[in-house]
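To be precise, the following lines are input-v7.txt, and they hold compact mmCIF, C-alpha atoms and all ligand atoms.
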```
# COMPACT_ATOMS: atom_id res chain seq x y z
CA MET A 1 90.83 117.81 79.24
CA LYS A 2 87.88 116.40 81.16
CA LYS A 3 86.63 114.81 77.96
CA ILE A 4 89.96 113.07 77.44
CA ILE A 5 89.94 111.70 80.99
CA PHE A 6 86.42 110.45 80.46
CA ILE A 7 87.33 108.71 77.22
CA LEU A 8 90.38 107.15 78.84
CA LEU A 9 88.27 105.90 81.70
CA ILE A 10 85.74 104.39 79.32
CA LEU A 11 88.44 102.78 77.22
CA SER A 12 90.10 101.37 80.27
CA GLN A 13 86.93 99.49 81.12
CA ILE A 14 86.71 97.96 77.65
CA TYR A 15 90.32 97.41 76.83
CA PRO A 16 91.84 94.18 78.15
CA TYR A 17 95.12 95.95 78.93
CA PRO A 18 95.52 99.38 80.44
CA LEU A 19 96.39 101.75 77.63
CA TYR A 20 98.89 103.65 79.70
CA SER A 21 100.82 100.76 81.14
CA GLN A 22 103.55 101.00 78.55
CA SER A 23 105.42 103.99 77.33
CA THR A 24 103.30 106.38 75.32
CA PRO A 25 103.45 105.69 71.57
CA GLU A 26 106.02 108.43 71.10
CA GLN A 27 108.38 106.98 73.71
CA LYS A 28 110.61 104.07 72.79
CA LEU A 29 112.88 101.88 74.84
CA ILE A 30 116.25 102.01 73.13
CA THR A 31 119.86 101.17 73.88
CA VAL A 32 123.07 102.86 72.87
CA SER A 33 126.51 101.53 73.55
CA LYS A 34 128.23 103.05 76.55
CA LYS A 35 130.76 105.68 75.56
CA LYS A 36 131.86 108.69 77.57
CA GLU A 37 130.90 111.22 74.84
CA THR A 38 127.50 109.59 74.39
CA VAL A 39 126.79 109.63 78.12
CA GLU A 40 127.73 113.31 78.32
CA LYS A 41 125.42 114.12 75.43
CA LEU A 42 122.53 112.16 76.91
CA LEU A 43 122.91 114.05 80.17
CA GLN A 44 122.99 117.37 78.31
CA TRP A 45 119.76 116.46 76.52
CA ASN A 46 118.13 115.35 79.76
CA ALA A 47 117.34 111.97 78.30
CA ASP A 48 115.51 109.56 80.60
CA VAL A 49 118.36 107.14 81.23
CA LEU A 50 116.96 104.05 82.93
CA MET A 51 120.01 101.90 83.50
CA GLU A 52 123.31 100.61 82.26
CA ARG A 53 123.91 96.94 81.67
CA LYS A 54 126.64 94.99 79.92
CA GLY A 55 128.03 98.03 78.17
CA LYS A 56 124.63 99.21 76.98
CA ILE A 57 122.66 102.21 78.20
CA TYR A 58 118.88 101.87 78.30
CA ILE A 59 116.92 105.00 77.55
CA LEU A 60 113.26 105.84 77.37
CA ALA A 61 113.61 108.03 74.32
CA ARG A 62 111.33 110.82 73.19
CA PRO A 63 111.11 111.64 69.47
CA LYS A 64 113.46 114.59 70.00
CA ASP A 65 116.02 112.26 71.61
CA LEU A 66 115.88 109.99 68.56
CA ASN A 67 116.34 113.01 66.27
CA LYS A 68 119.34 114.17 68.25
CA LEU A 69 120.90 110.70 68.21
CA GLN A 70 120.43 110.54 64.45
CA SER A 71 121.86 114.01 63.79
CA ASN A 72 124.85 113.18 65.99
CA HIS A 73 125.34 109.86 64.17
CA ILE A 74 124.99 107.86 67.35
CA PRO A 75 123.61 104.41 66.52
CA TYR A 76 120.84 103.04 68.71
CA THR A 77 118.85 99.83 68.93
CA MET A 78 115.14 99.51 69.55
CA GLU A 79 114.53 97.18 72.48
CA LYS A 80 111.53 95.10 73.29
CA LEU A 81 110.79 94.13 76.83
CA PRO A 82 110.78 90.35 77.33
CA SER A 83 107.35 88.79 77.17
CA SER A 84 107.64 87.54 80.75
CA THR A 85 107.56 91.15 81.86
CA PRO A 86 104.29 91.75 83.64
CA LEU A 87 103.47 94.69 81.41
CA GLY A 88 99.78 94.92 80.82
CA SER A 89 99.03 92.00 83.12
CA MET A 90 97.11 94.15 85.59
CA SER A 91 93.82 92.63 86.63
CA SER A 92 90.93 94.91 85.89
CA GLN A 93 88.64 94.02 88.78
CA ASN A 94 90.47 96.31 91.19
CA GLY A 95 90.29 99.34 88.94
CA ILE A 96 92.69 100.47 86.29
CA ASN A 97 95.70 100.27 88.57
CA GLY A 98 94.94 96.71 89.64
CA ALA A 99 95.96 95.78 93.17
CA TYR A 100 98.11 98.91 93.45
CA HIS A 101 96.81 101.84 95.47
CA SER A 102 95.73 105.11 93.97
CA TYR A 103 95.62 108.16 96.22
CA SER A 104 91.95 107.68 97.10
CA GLU A 105 92.31 103.92 97.63
CA LEU A 106 95.22 104.58 99.98
CA GLU A 107 93.24 107.23 101.84
CA ARG A 108 90.35 104.81 102.30
CA ASP A 109 92.63 102.02 103.57
CA LEU A 110 94.50 104.26 106.00
CA LEU A 111 91.27 105.57 107.51
CA THR A 112 89.84 102.06 107.76
CA LEU A 113 92.98 100.88 109.53
CA GLU A 114 92.69 103.75 112.00
CA GLU A 115 89.02 102.97 112.58
CA LYS A 116 89.73 99.29 113.26
CA HIS A 117 92.74 99.90 115.52
CA PRO A 118 92.15 103.19 117.32
CA GLN A 119 94.49 102.24 120.18
CA THR A 120 97.52 101.76 117.94
CA VAL A 121 96.92 103.65 114.70
CA LYS A 122 96.51 107.34 114.03
CA VAL A 123 96.36 109.03 110.64
CA PHE A 124 97.75 112.54 110.19
CA ASN A 125 97.69 114.92 107.30
CA ILE A 126 101.19 116.41 107.27
CA GLY A 127 100.72 118.74 104.30
CA ASP A 128 98.90 119.50 101.08
CA THR A 129 100.20 119.05 97.57
CA LEU A 130 100.04 121.55 94.72
CA GLU A 131 96.88 119.83 93.45
CA LYS A 132 95.42 119.92 96.97
CA ARG A 133 95.77 116.30 97.93
CA ASN A 134 96.69 115.37 101.49
CA ILE A 135 100.04 113.90 102.37
CA TYR A 136 99.19 111.22 104.89
CA ALA A 137 101.32 109.92 107.73
CA LEU A 138 100.43 106.86 109.73
CA LYS A 139 101.62 106.69 113.31
CA ILE A 140 101.73 103.29 115.01
CA SER A 141 102.39 102.93 118.71
CA ASP A 142 100.80 101.92 121.96
CA HIS A 143 98.96 104.92 123.47
CA VAL A 144 99.00 106.28 119.95
CA GLN A 145 97.12 109.43 120.96
CA MET A 146 99.99 110.43 123.23
CA ASP A 147 103.47 111.62 122.41
CA GLU A 148 105.57 109.28 124.54
CA GLN A 149 109.28 109.25 125.20
CA GLU A 150 110.04 106.38 122.86
CA ALA A 151 112.26 105.50 119.95
CA GLU A 152 110.99 107.01 116.68
CA VAL A 153 111.55 105.56 113.23
CA ILE A 154 110.22 106.70 109.85
CA PHE A 155 109.44 104.86 106.61
CA LEU A 156 108.73 106.75 103.38
CA GLY A 157 107.30 105.60 100.06
CA CYS A 158 106.79 106.90 96.55
CA HIS A 159 108.88 110.01 96.15
CA HIS A 160 108.86 108.91 92.51
CA ALA A 161 105.45 108.49 90.92
CA ARG A 162 106.16 105.55 88.61
CA GLU A 163 107.58 103.42 91.45
CA TRP A 164 104.17 102.05 92.44
CA ILE A 165 105.53 99.16 94.52
CA SER A 166 107.12 101.71 96.86
CA VAL A 167 103.63 102.70 98.13
CA GLU A 168 102.66 99.11 98.85
CA VAL A 169 105.63 98.03 100.98
CA PRO A 170 105.37 100.74 103.68
CA LEU A 171 101.56 100.52 103.64
CA LEU A 172 101.70 96.75 104.20
CA LEU A 173 104.23 97.31 106.98
CA GLY A 174 101.73 99.57 108.73
CA LYS A 175 98.93 97.06 108.26
CA HIS A 176 101.10 94.19 109.48
CA LEU A 177 102.04 96.01 112.69
CA ALA A 178 98.47 97.10 113.42
CA GLU A 179 96.78 93.81 112.57
CA ASN A 180 99.23 91.59 114.46
CA TYR A 181 99.66 93.77 117.51
CA SER A 182 97.19 91.89 119.69
CA THR A 183 98.25 88.37 118.65
CA ASP A 184 102.00 88.51 118.03
CA PRO A 185 104.05 89.15 121.21
CA GLN A 186 107.10 90.23 119.21
CA ILE A 187 105.14 92.87 117.32
CA GLN A 188 103.52 93.97 120.56
CA GLU A 189 106.92 94.35 122.18
CA ILE A 190 108.34 96.62 119.50
CA VAL A 191 105.16 98.67 119.01
CA ASN A 192 105.00 99.24 122.79
CA GLN A 193 108.51 100.63 122.83
CA SER A 194 108.51 102.81 119.76
CA GLU A 195 106.63 105.26 117.60
CA ILE A 196 106.62 104.12 114.01
CA TRP A 197 105.78 106.72 111.39
CA ILE A 198 104.92 105.77 107.84
CA VAL A 199 104.35 108.13 104.90
CA PRO A 200 103.51 105.65 102.14
CA LEU A 201 102.82 108.24 99.44
CA VAL A 202 105.05 111.31 99.47
CA ASN A 203 104.05 112.24 95.90
CA PRO A 204 100.25 111.86 95.47
CA ASP A 205 99.96 114.24 92.50
CA GLY A 206 102.68 112.40 90.61
CA LEU A 207 101.15 108.99 91.33
CA HIS A 208 97.77 110.20 90.06
CA TYR A 209 99.41 111.36 86.84
CA SER A 210 101.30 108.09 86.50
CA ILE A 211 98.09 106.07 86.84
CA TYR A 212 95.81 108.10 84.59
CA PHE A 213 98.05 109.83 82.06
CA TYR A 214 101.61 108.64 81.73
CA ARG A 215 102.86 105.51 83.48
CA TYR A 216 106.52 106.60 83.42
CA TRP A 217 105.95 109.93 85.21
CA ARG A 218 108.54 110.41 87.97
CA LYS A 219 108.42 113.94 89.42
CA ASN A 220 105.71 115.89 91.24
CA ARG A 221 103.34 118.08 89.19
CA ARG A 222 104.85 121.54 89.72
CA ASN A 223 104.05 123.79 86.79
CA ASN A 224 107.50 125.17 86.01
CA GLU A 225 105.87 127.88 83.89
CA ASP A 226 108.13 127.27 80.94
CA GLY A 227 106.07 124.50 79.36
CA THR A 228 107.55 121.81 81.61
CA TYR A 229 106.19 120.15 84.72
CA GLY A 230 107.63 118.59 87.80
CA VAL A 231 110.42 118.71 90.32
CA ASP A 232 112.28 115.56 91.33
CA LEU A 233 111.35 115.40 95.01
CA ASN A 234 114.34 113.21 95.75
CA ARG A 235 116.66 116.03 94.63
CA ASN A 236 114.87 118.81 96.50
CA TYR A 237 116.12 118.31 100.10
CA ASP A 238 118.52 120.94 101.33
CA TYR A 239 121.65 119.03 102.30
CA LYS A 240 124.20 119.62 99.49
CA TRP A 241 121.29 120.70 97.31
CA GLY A 242 122.57 121.43 93.80
CA PHE A 243 126.10 120.36 94.83
CA ASP A 244 126.83 119.72 91.16
CA ASN A 245 124.91 119.15 87.93
CA LYS A 246 125.65 115.43 87.82
CA GLY A 247 123.68 114.44 90.91
CA SER A 248 120.73 116.65 89.95
CA SER A 249 119.82 119.03 87.16
CA PRO A 250 119.11 122.77 87.08
CA GLN A 251 117.03 122.27 83.91
CA SER A 252 113.30 122.09 84.47
CA SER A 253 112.72 119.54 81.69
CA SER A 254 115.05 117.06 83.34
CA ASN A 255 113.73 114.05 85.18
CA VAL A 256 116.16 114.92 87.98
CA TYR A 257 115.28 118.63 88.12
CA ARG A 258 116.06 119.80 91.64
CA GLY A 259 113.64 122.74 91.74
CA ASN A 260 114.20 126.48 92.20
CA SER A 261 115.52 126.20 95.72
CA PRO A 262 115.92 123.58 98.43
CA PHE A 263 112.58 122.55 99.90
CA SER A 264 110.72 124.50 97.22
CA GLU A 265 108.07 121.75 97.07
CA PRO A 266 105.21 121.13 99.52
CA GLU A 267 105.96 117.39 99.59
CA THR A 268 109.54 117.78 100.81
CA GLN A 269 108.47 120.61 103.13
CA SER A 270 106.02 118.20 104.79
CA ILE A 271 108.77 115.70 105.53
CA ARG A 272 111.06 118.46 106.77
CA ASP A 273 108.33 119.82 109.07
CA LEU A 274 107.54 116.39 110.48
CA PHE A 275 111.24 115.96 111.32
CA SER A 276 111.24 119.34 113.05
CA ILE A 277 108.76 118.13 115.67
CA LYS A 278 109.98 114.53 116.09
CA ASN A 279 113.27 112.93 117.04
CA PHE A 280 113.57 110.26 114.39
CA GLN A 281 116.48 107.94 114.89
CA ALA A 282 116.47 106.05 111.61
CA LEU A 283 114.85 106.19 108.18
CA ILE A 284 114.07 103.99 105.22
CA SER A 285 112.89 105.51 101.95
CA TYR A 286 111.49 102.97 99.48
CA HIS A 287 112.09 103.32 95.76
CA SER A 288 112.26 100.96 92.81
CA TYR A 289 113.94 99.31 91.03
CA SER A 290 117.40 97.66 91.42
CA GLN A 291 117.03 95.42 94.49
CA ILE A 292 119.68 97.18 96.49
CA ILE A 293 120.08 98.89 99.87
CA LEU A 294 121.84 102.25 99.60
CA TYR A 295 123.14 104.59 102.27
CA PRO A 296 124.69 108.10 102.19
CA TRP A 297 126.55 109.82 100.84
CA GLY A 298 124.92 110.04 97.46
CA TYR A 299 126.46 113.39 96.48
CA THR A 300 130.03 112.12 96.64
CA THR A 301 131.93 108.87 96.51
CA GLN A 302 133.65 109.83 99.79
CA PRO A 303 132.41 107.83 102.79
CA SER A 304 130.30 109.50 105.47
CA PRO A 305 131.26 109.56 109.16
CA LYS A 306 128.68 106.80 109.77
CA ASP A 307 129.79 104.72 106.78
CA GLU A 308 130.96 101.70 108.72
CA MET A 309 127.89 101.61 110.92
CA MET A 310 125.48 101.93 107.99
CA GLU A 311 127.35 99.34 105.97
CA ASN A 312 127.00 96.97 108.87
CA MET A 313 123.30 97.72 109.26
CA ALA A 314 122.68 97.30 105.52
CA ALA A 315 124.53 93.97 105.58
CA GLN A 316 122.34 92.77 108.43
CA MET A 317 119.15 93.86 106.67
CA SER A 318 120.22 92.13 103.47
CA ALA A 319 121.07 88.95 105.37
CA LEU A 320 117.64 88.96 107.04
CA MET A 321 115.87 89.45 103.71
CA LYS A 322 117.55 86.69 101.72
CA PRO A 323 116.03 83.64 103.46
CA VAL A 324 112.46 84.90 102.93
CA SER A 325 112.28 84.30 99.19
CA GLY A 326 115.88 83.85 98.17
CA ARG A 327 116.25 87.26 96.58
CA VAL A 328 119.55 88.93 97.30
CA TYR A 329 119.54 92.65 97.99
CA ARG A 330 122.99 94.05 97.34
CA TYR A 331 124.07 97.00 99.44
CA GLY A 332 126.53 99.85 99.32
CA GLN A 333 127.13 103.56 99.52
CA ALA A 334 124.76 105.38 97.16
CA GLY A 335 127.39 107.60 95.53
CA ALA A 336 129.56 104.60 94.77
CA SER A 337 126.82 102.16 93.74
CA LEU A 338 124.55 103.62 91.10
CA TYR A 339 125.17 107.21 90.17
CA LEU A 340 125.64 110.44 92.07
CA THR A 341 122.57 112.08 93.58
CA ASN A 342 122.40 115.35 95.45
CA GLY A 343 119.54 116.77 97.51
CA ASP A 344 118.11 113.34 98.26
CA THR A 345 116.24 112.29 101.39
CA THR A 346 118.91 110.09 102.91
CA ASP A 347 121.82 112.54 102.54
CA TRP A 348 119.62 115.13 104.24
CA ALA A 349 118.57 112.75 107.05
CA LEU A 350 122.21 111.94 107.78
CA GLY A 351 123.67 115.38 106.98
CA ASP A 352 121.12 117.53 108.81
CA HIS A 353 119.74 115.08 111.40
CA ASN A 354 122.71 112.76 111.86
CA ILE A 355 120.67 109.55 111.66
CA PRO A 356 121.34 106.37 109.70
CA SER A 357 119.16 106.40 106.64
CA PHE A 358 118.63 103.98 103.81
CA THR A 359 117.16 103.97 100.34
CA ILE A 360 115.81 100.54 99.54
CA GLU A 361 115.45 100.09 95.81
CA LEU A 362 112.86 97.32 95.61
CA PRO A 363 112.90 94.52 93.00
CA PRO A 364 113.34 93.75 90.23
CA VAL A 365 117.07 93.97 89.61
CA ASP A 366 116.74 95.75 86.27
CA ILE A 367 114.43 96.83 83.48
CA LEU A 368 114.74 93.52 81.64
CA HIS A 369 113.04 91.92 84.62
CA GLY A 370 110.19 94.39 84.56
CA GLY A 371 111.67 97.70 85.74
CA PHE A 372 108.90 99.77 87.31
CA PHE A 373 106.36 97.02 86.69
CA ASN A 374 106.01 94.42 89.41
CA SER A 375 103.30 91.85 88.96
CA GLU A 376 100.41 92.11 91.38
CA GLU A 377 101.25 88.62 92.70
CA ASP A 378 104.73 89.81 93.63
CA ILE A 379 103.56 92.69 95.86
CA HIS A 380 103.15 90.46 98.87
CA HIS A 381 106.45 88.59 98.36
CA ILE A 382 108.32 91.87 98.13
CA PHE A 383 106.68 93.07 101.32
CA ARG A 384 107.41 89.77 103.16
CA GLU A 385 111.09 89.93 102.32
CA ASN A 386 111.29 93.59 103.36
CA LEU A 387 109.52 93.04 106.67
CA PRO A 388 112.52 91.63 108.61
CA ALA A 389 114.67 94.58 107.49
CA ALA A 390 112.05 97.07 108.70
CA LEU A 391 111.65 95.25 112.02
CA TYR A 392 115.42 95.16 112.38
CA LEU A 393 115.59 98.95 112.00
CA ILE A 394 112.85 99.51 114.59
CA ARG A 395 114.60 97.17 117.05
CA TRP A 396 117.88 98.90 116.39
CA ALA A 397 116.29 102.27 117.26
CA ILE A 398 114.75 100.83 120.44
CA GLN A 399 118.12 99.51 121.57
CA GLU A 400 119.88 102.79 120.82
CA TYR A 401 117.18 104.89 122.40
CA SER A 402 117.93 106.84 125.48
CA PRO A 403 115.87 109.96 126.06
CA SER A 404 118.81 111.81 127.59
CA SER A 405 120.92 111.42 124.46
CA LEU A 406 118.39 113.26 122.33
CA PRO A 407 117.55 116.93 122.17
CA PRO A 408 114.23 117.69 123.89
CA GLU A 409 111.30 117.09 121.59
CA PRO A 410 109.86 120.38 120.41
CA SER A 411 106.52 121.25 121.91
CA SER A 412 103.68 119.74 119.95
CA ARG A 413 101.46 122.72 120.72
CA ASN A 414 102.55 124.39 117.50
CA SER A 415 102.44 121.11 115.71
CA PRO A 416 101.93 121.35 111.96
CA LEU A 417 100.20 117.99 112.13
CA ARG A 418 96.66 118.45 111.04
CA LYS A 419 93.84 116.05 111.38
CA GLU A 420 91.28 117.70 109.13
CA ARG A 421 90.65 116.08 105.79
CA LYS A 422 89.11 117.10 102.55
ZN ZN A 501 112.94 106.44 92.98
```
Using structure tokens, write down the structure from this file.
Ligand SMILES: [Zn+2]
Amino acid sequence: MKKIIFILLILSQIYPYPLYSQSTPEQKLITVSKKKETVEKLLQWNADVLMERKGKIYILARPKDLNKLQSNHIPYTMEKLPSSTPLGSMSSQNGINGAYHSYSELERDLLTLEEKHPQTVKVFNIGDTLEKRNIYALKISDHVQMDEQEAEVIFLGCHHAREWISVEVPLLLGKHLAENYSTDPQIQEIVNQSEIWIVPLVNPDGLHYSIYFYRYWRKNRRNNEDGTYGVDLNRNYDYKWGFDNKGSSPQSSSNVYRGNSPFSEPETQSIRDLFSIKNFQALISYHSYSQIILYPWGYTTQPSPKDEMMENMAAQMSALMKPVSGRVYRYGQAGASLYLTNGDTTDWALGDHNIPSFTIELPPVDILHGGFFNSEEDIHHIFRENLPAALYLIRWAIQEYSPSSLPPEPSSRNSPLRKERK
């Protein structure tokens, strides 16, 4: 295995385009026409269904999927991504993942940020992954070393390995707050009144695999001990976990495999444990792609008790984002917008912690506009348009905050937050 990694690394230095930036040779992008029986079959086979558009279903098909389609006489079309898609356009000077952060690049940047801004930035290790990487959380606040009675908001990135842009947006949010604290009175005002927590990379093992081995990897790297790997971390939270087999899968080979039990994975356990010692009031979890703001419930099409409030908040965030670069983020209830999901972060944050929580699916709108591949030049634009929505959520929490309305914060003496690093 080491030899293969070495060869890949060598090739990546020579080759003008990263070898892994497209699907592996065995995987093809295909479409089939949307029919109920076909959809049911695809779900049974655990096909990697990417999206539905204009009556066509886009699938990243493995050879066995193609065989099954053929033996079931289901016609399919090979699709080519449009040439404007930034596939393979990654610059090589920043390493094989271009301007995107790998685990170690992220670690370096977080520690540098803490070093430069010790009054406002603190880095925590909130848990270890199966492959022994740290799950990092960035705390930003005035008197950052202290646990003050202030509004608390959390931003999460990269539950899904292939959604690289979802690391960059929360990381840039952290940098923006820290670097502008001393010069921007508006930033100073919100940082002084809140504790902002950012976990930019919930799934470090998966991201590593996506960078070095298979660009389309989505899950973590759990060895399921049946020849398959990975649990979908965004189906592993305990609220309505495994509610049905549409919103998640009991089959380990599925891309939406929910795991053996709720919170079976160290990554989701870390988020759960952080919530157990904080009083977060609101959450955003970044994903890609679709350019849409989603709120619970995801497990059902029925509205949640906070439906009206979250719809209103999503509408305000979308309205604040549009003027930045003109991109429109649609919004709606998750279960009614895309497809059902159970055991996801936002249903859990609302269901178990009763806080408004949002999934922001970052651009582009669909796979024909690049899917999981955002050009390096677009990283900053996507962050800039997401910034007002993030600031809105922090301000909202500050306004709502009243220490008496919250349960007392658990003692931090038994805090699972660890500072040691490997
Ligand atoms: Zn995702």
Report, as AutoDock Vina command-line options, the axis-aligned box around all atoms of region 234-248 of chain A present in the file, extended by 5 Å on each side; give centre and edge lengths in Å to one decimal place.
```
--center_x 120.6 --center_y 117.3 --center_z 95.1 --size_x 22.5 --size_y 18.2 --size_z 24.5
```
Practice item. Skip region 204-214 of chain A itself and residues of its chain fewer than 4 positions away, then list as a PyMOL selection string all residues within 6 Å of it, counting only C-alpha atoms. Key: chain A and resi 103+161-162+220-221
List all protein, DNA and RNA residues that have at least one atom no more than 7 Å from any atom of ligand ZN 501 (chain A), counting only C-alpha atoms and all ligand atoms, and write them as a PDB file with C-alpha atoms, in the coordinates of the input.
```pdb
ATOM      1  CA  HIS A 159     108.880 110.010  96.150  1.00  0.00           C
ATOM      2  CA  HIS A 160     108.860 108.910  92.510  1.00  0.00           C
ATOM      3  CA  GLU A 163     107.580 103.420  91.450  1.00  0.00           C
ATOM      4  CA  HIS A 287     112.090 103.320  95.760  1.00  0.00           C
ATOM      5  CA  SER A 288     112.260 100.960  92.810  1.00  0.00           C
TER       6      SER A 288
END
```
Practice item. Work out how far apart CA of Ala349 (chain A) and CA of Ile154 (chain A) are and give it in Å to one decimal. Key: 10.7 Å
Check your understanding: Quick one: residues within 7 Å of Ile284 (chain A), only C-alpha atoms counted, chain neighbours fewer than 2 positions away excluded, as JSON, numbers by chain?
Key -> {"A": [154, 155, 156, 286, 357, 358, 359, 360]}
Point to revise | Neighbour residues at most 10 Å from (114.5, 124.9, 94.2) (only C-alpha atoms) as an MDAnalysis selection string | key: chainID A and resid 231 235:238 241:242 250 257:265
**Study point:** Pairwise distance for CA of Ile196 (chain A) and CA of Lys139 (chain A), rounded to one decimal in Å
**Key:** 5.7 Å
Point to revise | Point (120.4, 106.7, 90.5) neighbourhood (12 Å, all atoms listed in the file) written as a ChimeraX atom specification | key: /A:48-52,160,234-235,246-248,255-256,287-290,292,294,298-299,333-342,344,359-361
Save out the residues we just selected, C-alpha atoms, as a short mmCIF file (atom, residue, chain, number, x, y, z; two decimals), in the frame of the given file.
```
data_model
loop_
_atom_site.label_atom_id
_atom_site.label_comp_id
_atom_site.auth_asym_id
_atom_site.auth_seq_id
_atom_site.Cartn_x
_atom_site.Cartn_y
_atom_site.Cartn_z
CA ASP A 48 115.51 109.56 80.60
CA VAL A 49 118.36 107.14 81.23
CA LEU A 50 116.96 104.05 82.93
CA MET A 51 120.01 101.90 83.50
CA GLU A 52 123.31 100.61 82.26
CA HIS A 160 108.86 108.91 92.51
CA ASN A 234 114.34 113.21 95.75
CA ARG A 235 116.66 116.03 94.63
CA LYS A 246 125.65 115.43 87.82
CA GLY A 247 123.68 114.44 90.91
CA SER A 248 120.73 116.65 89.95
CA ASN A 255 113.73 114.05 85.18
CA VAL A 256 116.16 114.92 87.98
CA HIS A 287 112.09 103.32 95.76
CA SER A 288 112.26 100.96 92.81
CA TYR A 289 113.94 99.31 91.03
CA SER A 290 117.40 97.66 91.42
CA ILE A 292 119.68 97.18 96.49
CA LEU A 294 121.84 102.25 99.60
CA GLY A 298 124.92 110.04 97.46
CA TYR A 299 126.46 113.39 96.48
CA GLN A 333 127.13 103.56 99.52
CA ALA A 334 124.76 105.38 97.16
CA GLY A 335 127.39 107.60 95.53
CA ALA A 336 129.56 104.60 94.77
CA SER A 337 126.82 102.16 93.74
CA LEU A 338 124.55 103.62 91.10
CA TYR A 339 125.17 107.21 90.17
CA LEU A 340 125.64 110.44 92.07
CA THR A 341 122.57 112.08 93.58
CA ASN A 342 122.40 115.35 95.45
CA ASP A 344 118.11 113.34 98.26
CA THR A 359 117.16 103.97 100.34
CA ILE A 360 115.81 100.54 99.54
CA GLU A 361 115.45 100.09 95.81
#
```
Review point. Using all atoms listed in the file, which residue out of A:Leu69, A:Leu171, A:Leu177, A:Ile190 lies closest to Gln399 (chain A)?
Key: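 Closest to Gln399 (chain A) of all the choices is A:Ile190.
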Exercise for review: Do a neighbour search on Gly326 (chain A) at 10 Å with all atoms listed in the file, toss out local chain neighbours closer than 4 positions, and write the hits as a list in words.
Suggested key: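 My reading of the contact set: Met321, Lys322 and Glu385 of chain A.
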Point to revise | From A:Asp307, A:Glu114, A:Asp366, A:Glu400, residue lying nearest Arg53 (chain A) [all atoms listed in the file] | key: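 Answer, going by the shortest atom-to-atom distance: A:Asp366.
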